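So this block is my_file_17.csv, CSV, C-alpha atoms:
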chain,number,residue,atom,x,y,z
S,1,MET,CA,22.1,6.7,-3.2
S,2,GLN,CA,19.3,4.4,-2.1
S,3,GLN,CA,17.3,5.5,-5.1
S,4,ARG,CA,20.1,4.4,-7.4
S,5,THR,CA,20.1,1.0,-5.8
S,6,ILE,CA,16.3,0.7,-6.2
S,7,ALA,CA,16.7,1.7,-9.9
S,8,LYS,CA,19.4,-0.8,-10.4
S,9,ASN,CA,17.3,-3.6,-8.9
S,10,HIS,CA,14.4,-2.5,-11.0
S,11,LEU,CA,16.6,-2.6,-14.1
S,12,GLN,CA,17.8,-6.1,-13.3
S,13,ALA,CA,14.3,-7.3,-12.8
S,14,GLU,CA,13.1,-5.7,-16.0
S,15,LYS,CA,16.0,-7.3,-18.0
S,16,SER,CA,15.4,-10.7,-16.6
S,17,GLU,CA,11.7,-10.8,-17.8
S,18,ALA,CA,10.8,-13.0,-20.7
S,19,PHE,CA,9.9,-10.0,-22.8
S,20,PRO,CA,11.7,-6.9,-21.3
S,21,ASN,CA,10.1,-3.6,-22.3
S,22,SER,CA,12.9,-1.7,-24.1
S,23,GLY,CA,11.3,1.6,-23.2
S,24,SER,CA,11.4,0.8,-19.5
S,25,VAL,CA,15.0,-0.4,-19.8
S,26,LYS,CA,16.1,2.8,-21.5
S,27,ARG,CA,14.2,5.0,-19.0
S,28,ILE,CA,15.7,3.2,-16.0
S,29,THR,CA,19.2,3.3,-17.5
S,30,GLU,CA,18.9,7.0,-18.0
S,31,LEU,CA,17.7,7.4,-14.4
S,32,ILE,CA,20.7,5.5,-13.1
S,33,LYS,CA,23.0,7.7,-15.2
S,34,PHE,CA,21.3,10.7,-13.6
S,35,PHE,CA,21.9,9.4,-10.1
S,36,ASN,CA,25.5,8.7,-10.9
S,37,LYS,CA,26.0,12.2,-12.2
S,38,GLN,CA,24.3,13.6,-9.1
S,39,GLU,CA,26.5,11.6,-6.8
S,40,GLN,CA,29.6,12.9,-8.6
S,41,GLU,CA,28.5,16.5,-8.2
S,42,VAL,CA,27.8,16.0,-4.5
S,43,LYS,CA,31.3,14.4,-4.0
S,44,LYS,CA,32.9,17.3,-5.8
S,45,LYS,CA,31.3,19.8,-3.4
S,46,PHE,CA,32.5,18.0,-0.3
S,47,GLN,CA,36.1,17.6,-1.5
Translate the structure described by the file into structure tokens.
Amino acid sequence: MQQRTIAKNHLQAEKSEAFPNSGSVKRITELIKFFNKQEQEVKKKFQ
């Protein structure tokens, strides 16, 4: 989940720029959703 934290930090930095790149914001948001989904699948396997 370290990758998700990195992506969240990157998203925050991108959003705080004077002119955030909407394509980058969308891509990073999708990446975070992917990591969240992946985490849920792993948790299900170990329950």
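If you look at CA of Ala7 in chain S and CA of Ile32 in chain S, they are 6.4 Å away from each other.
Distance-wise, CA of Gln2 in chain S and CA of Gln38 in chain S end up 12.6 Å apart.
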task = Please identify all polymer residues lying at most 10 Å from the point (24.2, 8.4, -3.4) (file coordinates), using only C-alpha atoms, and present the result as number ranges by chain.
result = S: 1-5, 35-40, 42-43
task = Grab the CA of Arg27 in chain S to CA of His10 in chain S distance for me, in Å with one decimal place.
result =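 A separation of 11.0 Å between them.
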ask   = Residues at most 12 Å from Lys15 in chain S, counting all atoms listed in the file, excluding those fewer than 5 positions away in the same chain, as a PyMOL selection string?
value = chain S and resi 8-10+20-26+28-29
My structure is short of atoms at range 33-46 of chain S; please model N, CA and C atoms there, returning them as a PDB file, in the frame of the given file.
ATOM      1  N   LYS S  33      21.991   6.772 -14.750  1.00  0.00           N
ATOM      2  CA  LYS S  33      23.000   7.700 -15.200  1.00  0.00           C
ATOM      3  C   LYS S  33      22.845   9.063 -14.461  1.00  0.00           C
ATOM      4  N   PHE S  34      21.593   9.500 -14.317  1.00  0.00           N
ATOM      5  CA  PHE S  34      21.300  10.700 -13.600  1.00  0.00           C
ATOM      6  C   PHE S  34      21.760  10.664 -12.157  1.00  0.00           C
ATOM      7  N   PHE S  35      21.443   9.548 -11.484  1.00  0.00           N
ATOM      8  CA  PHE S  35      21.900   9.400 -10.100  1.00  0.00           C
ATOM      9  C   PHE S  35      23.371   9.344  -9.963  1.00  0.00           C
ATOM     10  N   ASN S  36      24.056   8.695 -10.908  1.00  0.00           N
ATOM     11  CA  ASN S  36      25.500   8.700 -10.900  1.00  0.00           C
ATOM     12  C   ASN S  36      26.103  10.056 -11.024  1.00  0.00           C
ATOM     13  N   LYS S  37      25.545  10.832 -11.948  1.00  0.00           N
ATOM     14  CA  LYS S  37      26.000  12.200 -12.200  1.00  0.00           C
ATOM     15  C   LYS S  37      25.771  13.049 -10.914  1.00  0.00           C
ATOM     16  N   GLN S  38      24.609  12.882 -10.326  1.00  0.00           N
ATOM     17  CA  GLN S  38      24.300  13.600  -9.100  1.00  0.00           C
ATOM     18  C   GLN S  38      25.233  13.285  -7.983  1.00  0.00           C
ATOM     19  N   GLU S  39      25.569  12.010  -7.851  1.00  0.00           N
ATOM     20  CA  GLU S  39      26.500  11.600  -6.800  1.00  0.00           C
ATOM     21  C   GLU S  39      27.876  12.216  -7.022  1.00  0.00           C
ATOM     22  N   GLN S  40      28.341  12.249  -8.267  1.00  0.00           N
ATOM     23  CA  GLN S  40      29.600  12.900  -8.600  1.00  0.00           C
ATOM     24  C   GLN S  40      29.649  14.340  -8.219  1.00  0.00           C
ATOM     25  N   GLU S  41      28.563  15.039  -8.501  1.00  0.00           N
ATOM     26  CA  GLU S  41      28.500  16.500  -8.200  1.00  0.00           C
ATOM     27  C   GLU S  41      28.524  16.698  -6.681  1.00  0.00           C
ATOM     28  N   VAL S  42      27.845  15.852  -5.931  1.00  0.00           N
ATOM     29  CA  VAL S  42      27.800  16.000  -4.500  1.00  0.00           C
ATOM     30  C   VAL S  42      29.240  15.705  -3.925  1.00  0.00           C
ATOM     31  N   LYS S  43      29.901  14.686  -4.448  1.00  0.00           N
ATOM     32  CA  LYS S  43      31.300  14.400  -4.000  1.00  0.00           C
ATOM     33  C   LYS S  43      32.220  15.505  -4.273  1.00  0.00           C
ATOM     34  N   LYS S  44      32.072  16.159  -5.433  1.00  0.00           N
ATOM     35  CA  LYS S  44      32.900  17.300  -5.800  1.00  0.00           C
ATOM     36  C   LYS S  44      32.764  18.430  -4.773  1.00  0.00           C
ATOM     37  N   LYS S  45      31.525  18.685  -4.364  1.00  0.00           N
ATOM     38  CA  LYS S  45      31.300  19.800  -3.400  1.00  0.00           C
ATOM     39  C   LYS S  45      31.890  19.559  -2.080  1.00  0.00           C
ATOM     40  N   PHE S  46      32.020  18.303  -1.680  1.00  0.00           N
ATOM     41  CA  PHE S  46      32.500  18.000  -0.300  1.00  0.00           C
ATOM     42  C   PHE S  46      34.009  17.660  -0.328  1.00  0.00           C
TER      43      PHE S  46
END
